[in-house]
Each structure stands twice: as structure tokens, then as C-alpha cells.
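Remarks on the structure that follows.
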Amino acid sequence: MGRLEIDRLRKTFGRGGDKVEAVSELSLSVADGELLVLVGPSGCGKSTTLNCIAGLESVTEGEVVIDGEVVTEKRPEDRDIAMVFQNYALYPHMTAAGNLEFGLKMTTDLSAANRRERVESTAELLDIGELLDKKPKSLSGGQKQRVALGRAIIRDPAVFLMDEPLSNLDASLRSTMRTEIQQLQDDLDVTTVYVTHDQTEAMTMADRIAIMYEGELQQVGQPLECYYRPRNKFVAEFIGEPAMNMLRVTRRGDQFVADGFEYPVPERADGLPSGEPFTLGVRPGAIDIVEPETGVATGTVEVVEPLGETSHAHLNIADTTVTVTTDGPGSVEEGTQVDIDFPAQRAHLFDAGSGVAVARRDGLPGDQTESYPNPRYD
Amino acid sequence: MKAESRVEDPSVGTRVRRTIADWTDWGIVDRLVSRPLFWLLPALVFITVFQLYPVFEVFRMSLTDTSLISSEESYVWLENYRRLLGSERFYSTLRVTGIYSIASVVLQIGLGLGLALSIDYGVRRGLRGPLLTRVVVLSAWIVPGIIIGLVWRIMLLETNVGVVNNALDRLGFGIVPFLSDAQLALFSVVAAGAWRGTAFSMIMFYAGLKRVPDELYRAAKVDGAGPLARFRYVTLPQLKPVMFVVTILVTIYSLNSFDLIFALTNGGPGRATEVIALSMYKTAFNSYQMGMAAATAVVLLVVTLTVTAIYFRVFDISEEI
């Protein structure tokens with residue numbers, strides 16, 4: 001079984017003036033059997049981190065520890081890991097069985113018959129028994145992905161590493177495979193680090209997510225924790241679809257004010273200094289369209305994007321665009337004036353300069369710790 | 001309406017068709033251009049005039065006693081072939097060609113692959129130098145064979161003036177008869193040929209190596225394959241199609257080698273380095289026996305075709321093609 005620890009990992013590329021720090025001071029630990037998703041935009045260092053764990057990249061500073069053993073200097077095959085690659089990376093000249101078998105052939109003394117046995121049982125697990133004699137080029141994308149997964153599973157590693165394994169699949173297959181990988185990971189109970197840039201994958205699959213940006217870890221936590229209690233503006237904007245609305249506001253007495261916008265300071269934010277600027281964030285889904293003259297702001301509906309059950313309405317409030325998730329067709333019309341409002345619990349506040357969250361809510365919706373009854377909607 | 005649309009359509013094809021249509025019937029042109037043969041015609045004409053016809057002419061000539069110093073010509077049918085296959089010279093040239101070709105294929109593929117691997121390694125690691133290496137190696141390929149022959153001849157001159165012998169002399173070794181000793185001369189010819197031809201195979205292998213996805217190597221590393229296993233199980237299988245093409249081309253090229261050997265040793269000493277192509281040249285232009293030379297050419301063609309056919313059987317490339 002595998003417990004993975006990363007201790008103050010640093011990785012730089014190039015030297016002298018061209019030096020780029022891809023990962024800086026990253027510390028993470030992944031519990032046995034846990035699925036941790038590393039998520040972030042392109043170039044945030046997530047794949048580099050994965051490669052460092054795998055031993056495909058050398059580590060500039062810091063340590064990688066698997067099951068209490070420092071493996072930083074070890075070669076990939078000595079680390080008890082297996083990896084699934086974005087483009088499957090199946091050996092094109094070998095059959096599916098050959099691909100599954102290759103790792104065993106390289107690292108174990110198993111006889112051909114024993115290896116064949118392992119290949120067959122793994123194939124059965126993944127439901128690719130009939131594909132064993134086919135070569136990768138005659139397999140579909142989903143089948144290739146299964147073979148790639150099989151190649152990782154067959155070695156029974158302590159840690160599974162997955163580098164955007166679903167990004168080459170089409171949308172419908174992706175969600176099926178997502179569920180399958182999750183189930184598989186549950187069944188096998190293998191510690192897994194899963195890299196993706198897709199926040200939906202991150203939210204739905206992860207036991208915990210680690211959000212990275214520009215080589216730095218922004219937040220680690222359960223998906224909903226990151227969604228409802230983002231630690232900074234980057235996390236708040238990165239997690240959630242459509243992205244959180246951000247407004248520049250200034251505290252004036254017991255109100256946060258901006259052009260065409262006034263919002264009472266929530267109780268938990270009482271301590272924030274008056275006269276200072278803040279960024280107020282609110283998710284599109286948290287905003288309600290309310291009766292005229294009763295909301296915190298008035299805006300013109302510029303564009304409505306119908307999605308069926310819901311629509312995304314883009315409002316112009318004093319030259320700032322605010323996105324609101326509304327009920328399906330007919331709830332708002334383009335070109336009309338509407339008022340908006342949202343519960344205090346759903347208002348996020350960030351330091352205007354650093355973007356660090358201030359006065360975060362205490363718990364998640366429905367939690368026992370939820371101690372801030374909404375003063376406006378009681 | 002139709003006339004209008006014709007005027008509006010600016011494509012060259014339409015204009016050409018219209019010009020032709022002014023003095024011909026539209027239907028014929030349309031039918032003509034819709035046939036593949038029409039588009040293949042330029043290539044067919046070219047191949048017929050410049051390749052098929054000469055081949056046919058050589059074959060015809062090989063059945064005659066055509067000579068450069070006599071205007072008369074009569075058919076002697078297979079007499080040329082009988083004499084050629086009965087001569088000791090033919091078997092000597094065949095042997096030299098065989099040795100030269102096998103050595104060339106082995107050396108050029110070995111050295112070319114080695115160079116390509118090291119350049120590819122350098123590029124994948126982001127090291128400096130691969131570009132310079134490529135330029136240097138390639139320059140050997142750009143220079144015509146006859147000049148390479150002359151350059152090597154100057155280098156291997158068997159006096160103190162020769163570059164290599166001069167160096168050996170300074171190091172305290174004696175003069176080595178690179179070009180006048182029968183075995184050393186063959187060795188020199190092979191070395192010069194490989195020196196030149198390696199560039200070609202290197203470029204081909206390098207192109208092949210660049211096509212191997214990095215992820216395969218990374219997957220193989222994670223699977224526990226060391227450098228040798230990665231070469232054996234990832235690189236080589238991926239290079240198979242390139243290997244096939246290079247082997248065939250290098251073989252054909254060395255079987256037909258002429259210019260470099262002509263300049264370097266002119267087949268000497270004796271006939272120690274006389275390959276088939278060179279003996280053909282000498283038969284035609286030193287002995288003036290065009291008919292005999294033509295027969296030699298036909299035999300060379302048959303040898304080349306046979307070897308190529310064998311390659312097609314040996315390399316199972318049905319999957320790649």
C-alpha cells in the first residue's frame with residue numbers, strides 16, 4: 001500500500017538567465033488509497049510535479065517519499081509507481097497483451113505463463129479480454145485508454161500516476177471513463193495522483209484536490225471545501241463553472257459599495273477596515289433575480305445563453321459584466337433591466353491587492369458548523 | 001446564365017478549358033480531363049523517353065556487337081552474355097561489388113544510426129552541438145562523389161604529402177600503401193564510400209527518430225526498461241520502415257557505385273577495386289565495346305532487382321505500408 005509525501009519540492013529548468021522555476025516549495029501528502037487530483041491551468045507545474053514523483057524528471061530540491069522511503073534519487077522502475085499518459089503511449093508494434101506484459105517482463109522474473117495469467121486477469125477486470133491480440137492502431141480511443149490503464153494496474157504499484165488520461169477522449173466517453181476510473185480506483189484502493197486541467201474532472205473524481213498556479217500550491221482540500229471556502233481569488237475563479245463574478249468594492253461603514261452596487265457587510269466581515277478596497281466574489285448560481293428596486297444592484301441583461309434547465313444571463317452593471325445562472329427559458333429577456341441579490345453566506349471577500357480570502361465562511365452548506373444565518377433571508 | 005458563370009469563375013482551369021472550348025467540342029475536353037491518364041501523361045512521357053527507352057536500347061544493344069570505333073553493328077544475340085559470364089574479370093568485379101556493397105550497407109547503417117541516435121539524444125536533452133554535427137555530416141553528402149574521390153586520394157597519397165601518411169609518419173609509423181596494396185585499396189574505397197554515404201542514412205534515421213513520441217520512452221522508463229531495452233523495444237521497432245528504405249537505397253546506390261571509385265583508385269591496383277559499374281565504363285570507353293558494356297549493364301540491373309526483391313521478402317513491412 002502506498003502513502004505518498006512530497007516535501008518542499010522545487011524544480012527548475014534551464015540555467016542562468018533562462019532559469020524557470022516550474023514548481024516551488026511544494027509540500028503535499030497523499031494518504032493510502034486516496035485519490036488526489038492536481039489541477040491548474042496549463043503551465044502551472046502540475047505535470048512537472050507528476051514527472052518528479054514518477055522519476056522522469058530530476059528534482060532540484062526537496063524530497064519524494066513513498067511508503068516512508070525516500071525515492072528522490074531512485075529510477076522510475078524502482079519507485080513502485082505506474083503511470084498513465086495523456087496520449088496513451090502504447091507501444092504501437094506490440095499487441096494489447098504485449099503492452100500489458102511489457103512492464104512485468106522488464107521488472108519481474110515471472111515466467112511467460114505467469115505473465116499471461118496476470119495479463120488475462122487484468123484484461124478481465126477492464127473488460128478488454130477480446131482486444132488482447134489487437135495492436136493499438138486498431139483500437140478505439142476508449143479501448144486504448146483501457147489498455148493504458150491495464151498496463152498500469154497489472155504491476156500492482158503502490159502509487160498510480162495519471163497525466164490527463166482523459167483529455168484525448170470525446171466528451172461523452174470522457175464522462176463514462178471518469179466514472180470507470182473512479183470505480184476502479186475505489187475497488188483497487190490504490191493511492192492515486194491524477195493530473196488534469198479540467199476542473200469538472202477534479203471536482204467529481206477527487207477525494208481531495210490540490211490547485212496549483214505558477215508552480216505554487218494554492219489550496220488543498222476536499223472539492224466542496226475548495227468550492228465554498230476558496231483560500232484566494234485564483235482558486236475561487238478557477239473552480240466553478242461559469243467562473244465566479246468579481247467586483248471591486250470599497251467598504252463604507254456597513255456597506256460594500258461600487259458603481260451602481262451596494263451590499264451590506266456580512267456579520268463575519270465586521271472586522272474589516274472601513275474605507276479599504278476589497279474584491280467581492282459571488283458565484284453566478286448564488287445570484288437571484290429579484291423584484292425591481294429590492295436588489296443590491298440593477299443591471300441590463302446583455303446576453304442570455306440558454307442551456308435548457310438553466311440559462312446564463314450576462315448583466316451589465318455600471319460597465320462591469322456579472323454572470324447570473326437563472327432558471328430556464330423565459331426568466332429573463334435580453335435588453336431588460338433587472339435587479340439582483342444574493343445571500344451573505346455566498347459572498348466571498350478577497351484582499352484587493354494579494355487576492356487572499358478574508359472573512360471566509362465557517363462551514364459548508366448543511367454543516368453543523370454553519371453558524372451564520374443569513375440576516376437578509378431569515 | 002452559363003456564359004455568365006464562366007466569366008465569373010477566375011480559376012486557371014476554367015480559363016484554359018474555355019480557350020480550348022473556343023475551337024473544340026466541350027464534351028471531348030470534359031471527358032479527357034476526367035480521365036486519370038490525362039494527368040499521368042506528362043510523367044509517362046518523361047519516363048518513357050528518358051528511362052524506359054534507354055533501358056530498352058541498352059537491352060537491344062547488349063545483343064549486338066556495337067562498337068565505338070566502328071559504325072557497323074550486327075546482332076550477336078547472347079554472345080556478349082556468354083563471354084561476360086565466362087570471363088574471370090566479371091566474377092572479380094562481382095566479388096568486389098559484393099564486398100563493397102555489404103560493407104557499405106553495414107557501415108552506413110551502423111554509423112548513420114549511431115550518429116542519428118547521438119544527435120537525437122542531444123536534441124532531446126537540449127544540448128548544444130547537434131546542429132553543427134548535422135551540418136558537418138551533411139556537407140559530406142552535398143559534395144559530388146568524384147570530388148570526394150579526389151579529396152580522399154589526396155589524403156591517402158602514399159608519400160609524405162598525403163595527409164594521413166604525413167600524420168602517420170610524424171607519429172613514427174611507416175608509409176602505408178593505402179591505394180597500391182590490393183586489400184588496403186578496397187578498404188580505402190569502402191571507407192571513403194561510408195564516409196560519404198553515412199550522411200544520407202544519418203538524415204533518414206534522424207527523421208525517423210524524431211517521429212518517435214517522447215511519451216513512449218517515458219512509458220518504457222516507468223515500465224522499467226533500461227537504455228538498451230528501450231532501444232530494442234521502442235526505438236528499433238519504430239525505425240523499421242526507415243531501416244527498410246535506407247537499406248534498399250544504400251544497397252542500390254553501392255551496387256551502382258562508380259564516381260567515387262573512379263576518382264579514388266580507378267579500379268586499381270590491378271582490378272582490386274573494380275566494381276561492376278566501373279568495369280562497364282571501361283569496357284565502353286576504354287575498349288569501345290558498347291555491346292559488351294550494355295550486357296554488363298543489364299546484368300547489373302538484374303542483380304539490383306534481385307537484391308531488392310529479396311529485401312522485400314526479408315523485411316515484413318506489409319503493416320507499415
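Note on naming: chains are A, B, ... as they come in the C-alpha cells, residues start from 1 per chain, ligands start from 1 in the order shown.
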Show me, as a PDB file with N, CA, C and O atoms, in the first residue's frame, the residues of chain B whose atoms get within 7 Å of chain A, using only C-alpha atoms for the distance check.
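The result, written out as iface.pdb:
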ATOM      1  N   GLU B 215       6.673  10.236 -25.260  1.00  0.00           N
ATOM      2  CA  GLU B 215       5.886   9.517 -24.252  1.00  0.00           C
ATOM      3  C   GLU B 215       6.195   8.020 -24.248  1.00  0.00           C
ATOM      4  O   GLU B 215       6.109   7.381 -23.214  1.00  0.00           O
ATOM      5  N   LEU B 216       6.534   7.477 -25.428  1.00  0.00           N
ATOM      6  CA  LEU B 216       6.856   6.045 -25.475  1.00  0.00           C
ATOM      7  C   LEU B 216       8.077   5.758 -24.627  1.00  0.00           C
ATOM      8  O   LEU B 216       8.131   4.761 -23.906  1.00  0.00           O
ATOM      9  N   ARG B 218       9.088   7.578 -22.141  1.00  0.00           N
ATOM     10  CA  ARG B 218       8.752   7.787 -20.726  1.00  0.00           C
ATOM     11  C   ARG B 218       7.971   6.592 -20.187  1.00  0.00           C
ATOM     12  O   ARG B 218       8.213   6.124 -19.070  1.00  0.00           O
ATOM     13  N   ALA B 219       7.042   6.082 -21.028  1.00  0.00           N
ATOM     14  CA  ALA B 219       6.280   4.902 -20.613  1.00  0.00           C
ATOM     15  C   ALA B 219       7.227   3.724 -20.392  1.00  0.00           C
ATOM     16  O   ALA B 219       7.099   2.991 -19.412  1.00  0.00           O
ATOM     17  N   LYS B 221      10.359   3.837 -19.604  1.00  0.00           N
ATOM     18  CA  LYS B 221      11.148   4.064 -18.384  1.00  0.00           C
ATOM     19  C   LYS B 221      10.353   3.650 -17.158  1.00  0.00           C
ATOM     20  O   LYS B 221      10.863   2.970 -16.276  1.00  0.00           O
ATOM     21  N   VAL B 222       9.088   4.094 -17.117  1.00  0.00           N
ATOM     22  CA  VAL B 222       8.247   3.727 -15.979  1.00  0.00           C
ATOM     23  C   VAL B 222       8.064   2.214 -15.938  1.00  0.00           C
ATOM     24  O   VAL B 222       8.021   1.609 -14.879  1.00  0.00           O
ATOM     25  N   ASP B 223       7.980   1.588 -17.108  1.00  0.00           N
ATOM     26  CA  ASP B 223       7.836   0.135 -17.165  1.00  0.00           C
ATOM     27  C   ASP B 223       9.131  -0.592 -16.806  1.00  0.00           C
ATOM     28  O   ASP B 223       9.163  -1.819 -16.796  1.00  0.00           O
ATOM     29  N   GLY B 224      10.180   0.181 -16.571  1.00  0.00           N
ATOM     30  CA  GLY B 224      11.408  -0.446 -16.094  1.00  0.00           C
ATOM     31  C   GLY B 224      12.387  -0.838 -17.179  1.00  0.00           C
ATOM     32  O   GLY B 224      13.287  -1.634 -16.932  1.00  0.00           O
ATOM     33  N   ALA B 225      12.222  -0.305 -18.379  1.00  0.00           N
ATOM     34  CA  ALA B 225      13.155  -0.644 -19.454  1.00  0.00           C
ATOM     35  C   ALA B 225      14.385   0.259 -19.363  1.00  0.00           C
ATOM     36  O   ALA B 225      14.258   1.476 -19.335  1.00  0.00           O
ATOM     37  N   PRO B 237      11.846  -0.969 -33.250  1.00  0.00           N
ATOM     38  CA  PRO B 237      10.589  -1.237 -33.964  1.00  0.00           C
ATOM     39  C   PRO B 237      10.034   0.013 -34.651  1.00  0.00           C
ATOM     40  O   PRO B 237       9.469  -0.070 -35.728  1.00  0.00           O
TER      41      PRO B 237
END
* Glu25 in chain A environment, 6 Å, only C-alpha atoms, sequence neighbours closer than 4 positions dropped, as an MDAnalysis selection string -> chainID A and resid 8:10
File of the preceding selection, N, CA and C atoms, as a compact mmCIF listing (two decimals), in the first residue's frame:
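New file selection.txt:
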# COMPACT_ATOMS: atom_id res chain seq x y z
N ARG A 8 8.64 19.91 0.30
CA ARG A 8 9.32 21.11 -0.22
C ARG A 8 9.98 20.87 -1.57
N LEU A 9 9.19 20.35 -2.47
CA LEU A 9 9.71 20.03 -3.81
C LEU A 9 9.92 21.32 -4.62
N ARG A 10 11.10 21.38 -5.23
CA ARG A 10 11.38 22.53 -6.10
C ARG A 10 11.96 21.97 -7.38
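Residues in contact with Gly193 in chain B at 8 Å, where only C-alpha atoms are counted and same-chain residues fewer than 3 positions away are skipped, are listed as Ser104, Val189, Val190, Arg196, Gly197 and Leu260 of chain B.
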Can I get the selection written as an mmCIF file, in the first residue's frame, with C-alpha atoms?
data_model
loop_
_atom_site.group_PDB
_atom_site.id
_atom_site.type_symbol
_atom_site.label_atom_id
_atom_site.label_comp_id
_atom_site.auth_asym_id
_atom_site.auth_seq_id
_atom_site.Cartn_x
_atom_site.Cartn_y
_atom_site.Cartn_z
ATOM 1 C CA SER B 104 28.762 -0.061 -47.280
ATOM 2 C CA VAL B 189 37.363 2.683 -51.106
ATOM 3 C CA VAL B 190 34.891 1.281 -48.578
ATOM 4 C CA ARG B 196 30.151 9.944 -47.765
ATOM 5 C CA GLY B 197 27.064 7.734 -47.545
ATOM 6 C CA LEU B 260 33.970 7.885 -56.139
#
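Distances here use only C-alpha atoms; by that measure, the residue among A:Glu267, A:Asp18, A:Asp189, A:Glu5 closest to Gly68 in chain A is A:Glu5.
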* To do: Write down as a ChimeraX atom specification the residues of range 105-271 of chain A whose backbone DSSP state falls under alpha helix (DSSP H).
  => /A:105-107,112-126,141-153,171-188,199-205,223-228,233-238
* Structure fact -> Nearest to Ile175 in chain B, restricted to only C-alpha atoms and choosing among B:Ile28, B:Ala140, B:Ala297, B:Val161, comes out as B:Val161
* What's the 12 Å shell around Thr320 in chain A, counting only C-alpha atoms, without same-chain residues fewer than 6 positions away, as number ranges by chain? -> A: 245-249, 258-261, 297-302, 314
* Tell me, as a list in words, which residues lie within 12 Å of Gly270 in chain B, counting only C-alpha atoms; anything in the same chain fewer than 5 positions away does not count. => Arg89, Ser92, Thr93, Leu179, Ser180, Asp181, Ala182, Gln183, Ala185, Leu186, Thr265 and Ser279 of chain B
* Which of these, A:Ala31, A:Ala344, A:Met205, A:Val23, has the shortest distance to Ala286 in chain A once you count only C-alpha atoms? -> A:Ala344
* Write out as a PyMOL selection string which residues come within 9 Å of Val119 in chain A when counting only C-alpha atoms, dropping same-chain ones fewer than 2 positions away. => chain A and resi 97-98+100-101+114-117+121-124+132+150-151+154
* **Residue nearest Ile154 in chain B - candidates B:Leu264, B:Ser118, B:Trp77, B:Tyr91, atoms counted: only C-alpha atoms** => B:Leu264
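Proximity ranking of B:Glu73, B:Ile261, B:Arg125, B:Trp39 relative to Met61 in chain B places B:Glu73 first, based on only C-alpha atoms.
Separating CA of Gly363 in chain A from CA of Gln345 in chain A is a distance of 9.8 Å.
If you look at CA of Leu188 in chain A and CA of Leu126 in chain A, they are 12.0 Å away from each other.
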* To do: Determine, counting only C-alpha atoms, which protein, DNA and RNA residues have an atom within 8 Å of an atom of range 139-142 of chain A; residues of the same chain fewer than 2 positions away are not included. Present the result as a list in words.
  => Leu131, Lys134, Lys135, Pro136, Lys137, Lys144, Gln145, Arg146, Asn168, Leu169, Leu173 and Met177 of chain A
Could you write out the selected residues, including all heavy atoms, as a JSON list (two decimals), in the first residue's frame?
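Printed below is again.json as written:
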[["chain", "number", "residue", "atom", "x", "y", "z"],
["A", 131, "LEU", "N", -9.65, -7.90, -26.81],
["A", 131, "LEU", "CA", -8.78, -6.98, -27.55],
["A", 131, "LEU", "C", -7.32, -7.37, -27.44],
["A", 131, "LEU", "O", -6.45, -6.74, -28.05],
["A", 131, "LEU", "CB", -8.95, -5.56, -27.02],
["A", 131, "LEU", "CG", -10.37, -5.03, -26.98],
["A", 131, "LEU", "CD1", -10.39, -3.65, -26.35],
["A", 131, "LEU", "CD2", -10.96, -4.97, -28.37],
["A", 134, "LYS", "N", -5.05, -7.53, -30.43],
["A", 134, "LYS", "CA", -5.05, -6.43, -31.39],
["A", 134, "LYS", "C", -3.92, -5.45, -31.09],
["A", 134, "LYS", "O", -3.49, -5.30, -29.96],
["A", 134, "LYS", "CB", -6.39, -5.69, -31.31],
["A", 134, "LYS", "CG", -7.53, -6.52, -31.83],
["A", 134, "LYS", "CD", -8.74, -5.64, -32.05],
["A", 134, "LYS", "CE", -9.87, -6.46, -32.63],
["A", 134, "LYS", "NZ", -11.11, -5.70, -32.68],
["A", 135, "LYS", "N", -3.50, -4.77, -32.16],
["A", 135, "LYS", "CA", -2.49, -3.74, -31.97],
["A", 135, "LYS", "C", -3.18, -2.39, -31.74],
["A", 135, "LYS", "O", -4.31, -2.19, -32.17],
["A", 135, "LYS", "CB", -1.60, -3.68, -33.21],
["A", 135, "LYS", "CG", -0.72, -4.92, -33.30],
["A", 135, "LYS", "CD", 0.50, -4.67, -34.13],
["A", 135, "LYS", "CE", 1.39, -5.90, -34.05],
["A", 135, "LYS", "NZ", 2.44, -5.88, -35.03],
["A", 136, "PRO", "N", -2.48, -1.48, -31.09],
["A", 136, "PRO", "CA", -3.10, -0.21, -30.72],
["A", 136, "PRO", "C", -3.82, 0.50, -31.86],
["A", 136, "PRO", "O", -4.87, 1.10, -31.66],
["A", 136, "PRO", "CB", -1.93, 0.62, -30.22],
["A", 136, "PRO", "CG", -0.98, -0.39, -29.69],
["A", 136, "PRO", "CD", -1.13, -1.59, -30.56],
["A", 137, "LYS", "N", -3.26, 0.41, -33.08],
["A", 137, "LYS", "CA", -3.88, 1.23, -34.13],
["A", 137, "LYS", "C", -5.27, 0.72, -34.52],
["A", 137, "LYS", "O", -6.04, 1.46, -35.12],
["A", 137, "LYS", "CB", -2.96, 1.32, -35.34],
["A", 137, "LYS", "CG", -2.90, 0.08, -36.18],
["A", 137, "LYS", "CD", -2.09, 0.33, -37.44],
["A", 137, "LYS", "CE", -1.88, -0.99, -38.15],
["A", 137, "LYS", "NZ", -0.78, -0.99, -39.04],
["A", 144, "LYS", "N", -8.01, 2.06, -26.17],
["A", 144, "LYS", "CA", -6.59, 2.34, -25.92],
["A", 144, "LYS", "C", -6.40, 2.78, -24.48],
["A", 144, "LYS", "O", -5.45, 2.37, -23.81],
["A", 144, "LYS", "CB", -6.11, 3.46, -26.84],
["A", 144, "LYS", "CG", -5.80, 3.02, -28.23],
["A", 144, "LYS", "CD", -5.22, 4.18, -29.01],
["A", 144, "LYS", "CE", -5.42, 3.98, -30.49],
["A", 144, "LYS", "NZ", -5.17, 5.13, -31.30],
["A", 145, "GLN", "N", -7.31, 3.65, -24.02],
["A", 145, "GLN", "CA", -7.19, 4.15, -22.67],
["A", 145, "GLN", "C", -7.28, 3.02, -21.66],
["A", 145, "GLN", "O", -6.57, 3.00, -20.66],
["A", 145, "GLN", "CB", -8.27, 5.21, -22.42],
["A", 145, "GLN", "CG", -8.05, 6.04, -21.19],
["A", 145, "GLN", "CD", -6.67, 6.62, -21.13],
["A", 145, "GLN", "OE1", -5.75, 6.04, -20.56],
["A", 145, "GLN", "NE2", -6.47, 7.76, -21.77],
["A", 146, "ARG", "N", -8.16, 2.06, -21.94],
["A", 146, "ARG", "CA", -8.27, 0.91, -21.04],
["A", 146, "ARG", "C", -6.99, 0.09, -21.02],
["A", 146, "ARG", "O", -6.56, -0.37, -19.96],
["A", 146, "ARG", "CB", -9.40, -0.01, -21.49],
["A", 146, "ARG", "CG", -10.72, 0.38, -20.91],
["A", 146, "ARG", "CD", -11.80, -0.39, -21.60],
["A", 146, "ARG", "NE", -12.91, 0.50, -21.80],
["A", 146, "ARG", "CZ", -14.09, 0.29, -21.26],
["A", 146, "ARG", "NH1", -14.31, -0.79, -20.57],
["A", 146, "ARG", "NH2", -15.06, 1.16, -21.43],
["A", 168, "ASN", "N", -7.85, 13.16, -24.26],
["A", 168, "ASN", "CA", -7.94, 12.87, -25.70],
["A", 168, "ASN", "C", -9.26, 12.21, -26.10],
["A", 168, "ASN", "O", -9.44, 11.87, -27.25],
["A", 168, "ASN", "CB", -6.80, 11.93, -26.12],
["A", 168, "ASN", "CG", -5.54, 12.70, -26.39],
["A", 168, "ASN", "OD1", -5.48, 13.89, -26.10],
["A", 168, "ASN", "ND2", -4.55, 12.04, -26.94],
["A", 169, "LEU", "N", -10.14, 12.02, -25.13],
["A", 169, "LEU", "CA", -11.39, 11.33, -25.44],
["A", 169, "LEU", "C", -12.49, 12.36, -25.72],
["A", 169, "LEU", "O", -12.43, 13.48, -25.24],
["A", 169, "LEU", "CB", -11.80, 10.45, -24.27],
["A", 169, "LEU", "CG", -10.78, 9.39, -23.87],
["A", 169, "LEU", "CD1", -11.27, 8.64, -22.63],
["A", 169, "LEU", "CD2", -10.54, 8.41, -25.01],
["A", 173, "LEU", "N", -17.57, 9.97, -23.93],
["A", 173, "LEU", "CA", -16.71, 8.89, -23.48],
["A", 173, "LEU", "C", -15.93, 9.32, -22.23],
["A", 173, "LEU", "O", -15.68, 8.52, -21.33],
["A", 173, "LEU", "CB", -15.74, 8.53, -24.60],
["A", 173, "LEU", "CG", -15.00, 7.21, -24.47],
["A", 173, "LEU", "CD1", -15.98, 6.07, -24.25],
["A", 173, "LEU", "CD2", -14.16, 6.94, -25.70],
["A", 177, "MET", "N", -15.63, 7.21, -18.85],
["A", 177, "MET", "CA", -14.33, 6.74, -18.37],
["A", 177, "MET", "C", -14.02, 7.33, -17.00],
["A", 177, "MET", "O", -13.37, 6.70, -16.18],
["A", 177, "MET", "CB", -13.23, 7.13, -19.35],
["A", 177, "MET", "CG", -13.16, 6.29, -20.61],
["A", 177, "MET", "SD", -12.94, 4.53, -20.32],
["A", 177, "MET", "CE", -11.22, 4.47, -19.85]]
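Across A:Leu315, A:Leu161, A:Val220, A:Ile340, the tightest approach to Ser27 in chain A is made by A:Val220 when counting only C-alpha atoms.
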